[in-house]
Amino acid sequence: MGSCGIANGAEPVWEALRSGAREAGREGVVKAVGCGGSCHREPLVEVVAGEDRSLYTHVTPEMVPVILRRHVVPRGWPARLRWAARRLRDPEEPRPESGPRSLGARIVLENCGEIDPRSLEEYRRRGGYAALEACLDPARRDGVIATLTESGLRGRGGAGFPTGRKWALARRQPAPKYVVCNGDEGDPGAFMDRLVLESDPHRVVEGLAIAALAVGAEEGFFYIRSEYPQAVRRIAEALRQAEAGGFLGDDVRGSGERLRLAVREGAGAFVCGEETALIASLEGRRGMPRLRPPYPVESGFRGRPTVVNNVETLANVPWILRHGAAAFARLGSAGSKGTKVFALAGKVRHGGLVEVAMGITVARIVEELGGGVAPGRRFKAVLLGGPSGGCLPAELAHTPVDFEALARTGAIMGSGGLVVLDDRDCMVDIARYFLRFTCGESCGKCTFCRIGTRRMLEILDRLCEGEGRQGDLEALAELADRVGRTSLCGLGQTAPNPVLTALRYFRDEFEAHLHERRCPAGKCAALVTYTINDRCIGCTLCAQACPVDAIAYRPYEIHEIDDAACVRCDACREACLDDAVEVH
């Protein structure tokens with residue numbers, strides 16, 4: 001089970017399933033698996049009978065007996081009774097659901113939701129560690145980097161640097177060397193790494209072990225933020241199992257190769273996702289980026305050559321080596337091969353993790369996998385890449401998921417966060433939200449990142465409070481340009497992206513805030529007034545929803561909002577069924 005399922009009540013469902021199966025004498029037919037990406041439908045129960053699969057969503061312990069009665073017949077029942085039981089239907093029985101979670105091949109997520117993440121044997125039955133064992137042959141090991149280069153795999157952490165080229169650079173360096181898995185996922189709304197680490201930990205262990213063999217390293221680390229305790233536990237358990245199975249240790253599978261991997265927990269600093277800051281943290285120092293070159297592949301952990309790859313990049317490696325470079329390269333676009341995992345969040349009906357072939361348009365991801373925005377709302381924009389990314393308006397949603405294509409719009413793919421926005425989202429407020437996050441996460445080393453982002457935030461605060469000044473938009477753009485050009489690391493260099501893209505595509509909203517003291521989306525509390533029109537039928541729903549009793553009412557009469565007491569929480573508008581609450 002993944003963290004999302006546990007948070008939604010999967011553990012009581014699991015206990016009810018085990019108990020019910022035990023009573024039926026069928027305990028062996030139930031197993032717990034990791035999350036498959038359909039986080040919006042958790043807890044999930046999937047029944048597999050040969051080629052038939054039935055998926056039940058939002059399962060509660062009370063629903064379990066009905067599901068078991070439908071699919072699991074107690075051992076020892078006569079054949080005629082078993083036949084009849086399968087056809088019994090409870091009128092309240094939950095109905096199976098279906099729906100795609102990928103567009104194209106499922107590579108990174110192929111085992112997620114299918115296997116018990118705590119079982120080495122189950123991972124091996126699906127081809128696990130076969131690629132690592134093949135790499136133990138010195139003759140075949142030399143071809144690993146060539147295969148990755150031919151596949152076109154690029155880093156999935158945001159920069160998109162070719163993985164084969166990075167490994168080739170490290171291989172030419174003198175020993176000792178190190179490999180590091182960057183599991184320090186800090187983007188708001190992003191959870192790609194967490195899900196893969198929790199649901200298929202052996203896959204990432206195998207990927208990092210292959211990286212070590214390919215570049216000539218004997219030691220490596222998983223750097224995972226401490227806010228992911230389940231991921232930390234799963235990787236630690238997978239490492240123990242891999243060592244017991246001979247895939248790690250002083251004599252890997254009798255080959256004479258030595259390989260030790262360990263887990264290190266990060267303290268949650270967003271800047272430690274940058275590889276030089278991560279390495280500083282691994283060494284026990286404050287996580288602050290340093291000037292490059294030299295790059296980590298030349299001088300990294302303890303001054304030695306170090307390869308840093310993110311979770312998704314490493315999860316691709318075993319699949320490529322098992323299926324061949326050509327199979328991977330067939331997917332995607334000319335410059336961006338393979339698939340990409342995205343965390344769908346925001347104003348989308350079906351949030352969760354999805355995997356798509358590179359080159360698929362943003363619109364298809366939002367509409368086909370995310371189910372679009374809520375009925376009656378208008379798809380407005382997506383924010384790609386988290387605080388380092390950019391806002392892409394709905395008019396450009398036909399843009400393909402491709403490193404170069406997204407860069408031309410001013411956005412970036414980033415690590416894979418995709419936040420969907422609708423017509424009730426204010427782009428000035430969105431830019432302010434992500435810039436406030438960046439300000440709080442800046443290490444403070446660079447003046448423009450430390451102070452420039454705060455000056456930018458002050459301007460956005462003024463705009464949202466209705467206190468904008470003449471020249472604010474020009475000053476905002478100039479500061480954004482200087483912060484990006486003068487910052488040392490990727491955090492500062494990309495911090496202005498949400499602001500710049502919002503200004504570029506939604507300048508009319510910024511000007512409405514500045515010149516008209518008006519928020520077109522009705523989001524900024526200081527710039528809106530709530531009133532009730534004559535469509536009100538006096539149902540009192542708005543008054544019941546108001547947290548500060550700001551609505552004077554009598555049943556069946558038009559209600560009134562006390563503007564001085566109103567806190568602009570939007571609860572009244574959400575509660576009204578007759579569109580009687582207006583925002584000005």
# chains A, B, ... in the order shown; residues from 1 in each chain; ligands from 1
$ select_by_dssp --residues "segment 160-321 of chain A" --states "helix (DSSP H, G or I)" --output "PyMOL selection string"
chain A and resi 163-171+192-199+201-215+229-244+252-254+270-273+275-282+301-303+311-321
$ select_by_dssp --residues "segment 374-527 of chain A" --states "strand (DSSP E)" --output "VMD selection string"
chain A and resid 379 to 384 390 to 393 417 to 422
$ closest_atom_pairs --of "segment 180-216 of chain A" --to "segment 142-160 of chain A" --cutoff "10 Å" --atoms "only C-alpha atoms" --output "CSV"
residue,atom,partner,partner_atom,distance
A:Asn182,CA,A:Gly157,CA,8.6
A:Gly183,CA,A:Gly157,CA,9.8
A:Glu185,CA,A:Gly157,CA,9.3
A:Asp193,CA,A:Gly157,CA,10.0
A:Ile210,CA,A:Val144,CA,8.5
A:Ala211,CA,A:Val144,CA,9.0
A:Leu213,CA,A:Val144,CA,9.3
A:Ala214,CA,A:Val144,CA,6.5
A:Val215,CA,A:Ile145,CA,8.6
$ write_last_selection --atoms "C-alpha atoms" --output "mmCIF file, in the first residue's frame"
data_model
loop_
_atom_site.group_PDB
_atom_site.id
_atom_site.type_symbol
_atom_site.label_atom_id
_atom_site.label_comp_id
_atom_site.auth_asym_id
_atom_site.auth_seq_id
_atom_site.Cartn_x
_atom_site.Cartn_y
_atom_site.Cartn_z
ATOM 1 C CA ASN A 182 18.083 11.861 -5.901
ATOM 2 C CA GLY A 183 14.782 11.194 -4.141
ATOM 3 C CA GLU A 185 11.216 15.579 -4.346
ATOM 4 C CA ASP A 193 9.279 9.800 -6.852
ATOM 5 C CA ILE A 210 23.451 -0.869 -12.765
ATOM 6 C CA ALA A 211 24.647 2.741 -12.716
ATOM 7 C CA LEU A 213 28.564 -1.144 -12.301
ATOM 8 C CA ALA A 214 28.492 0.890 -15.516
ATOM 9 C CA VAL A 215 30.599 3.779 -14.194
#
$ residues_around --residues "Lys177 of chain A" --least-positions-apart "4" --cutoff "10 Å" --atoms "only C-alpha atoms" --output "list in words"
Ala170, Arg171, Gln173, Ala212, Val215, Gly216, Ala217, Glu218, Glu219, Gly220, Val297, Glu298, Ser299, Gly300, Phe301, Arg302, Gly303, Arg304, Pro305, Thr306 and Val307 of chain A
$ closest_residue --among "A:Asp579, A:Glu404, A:Glu133, A:Glu275" --to "Gly246 of chain A" --atoms "only C-alpha atoms"
A:Glu133
$ residues_around --residues "Arg517 of chain A" --least-positions-apart "4" --cutoff "8 Å" --atoms "only C-alpha atoms" --output "PyMOL selection string"
chain A and resi 466-467+512-513+527
$ closest_atom_pairs --of "segment 473-554 of chain A" --to "segment 277-285 of chain A" --cutoff "12 Å" --atoms "only C-alpha atoms" --output "CSV"
residue,atom,partner,partner_atom,distance
A:Leu488,CA,A:Ala277,CA,11.4
A:Cys489,CA,A:Ala277,CA,9.2
A:Gly490,CA,A:Ala277,CA,10.8
A:Leu491,CA,A:Ala277,CA,10.8
$ atom_distance --atom1 "atom CA of Asp563 of chain A" --atom2 "atom CA of Ala521 of chain A"
18.7 Å
$ atom_distance --atom1 "atom CA of Glu110 of chain A" --atom2 "atom CA of Val263 of chain A"
24.1 Å
$ atom_distance --atom1 "atom CA of Asp137 of chain A" --atom2 "atom CA of Lys166 of chain A"
21.8 Å
$ residues_around --residues "His584 of chain A" --least-positions-apart "4" --cutoff "10 Å" --atoms "only C-alpha atoms" --output "list of chain:residue names"
A:Arg518, A:Cys519, A:Pro520, A:Ala521, A:Gly522, A:Leu527, A:Val528, A:Thr529, A:Tyr530, A:Thr531
$ closest_atom_pairs --of "segment 111-196 of chain A" --to "segment 430-437 of chain A" --cutoff "12 Å" --atoms "only C-alpha atoms" --output "Markdown table"
| residue | atom | partner | partner_atom | distance |
| --- | --- | --- | --- | --- |
| A:Gly186 | CA | A:Phe437 | CA | 10.5 |
| A:Asp187 | CA | A:Phe437 | CA | 9.4 |
| A:Pro188 | CA | A:Phe434 | CA | 8.6 |
| A:Gly189 | CA | A:Phe434 | CA | 11.3 |
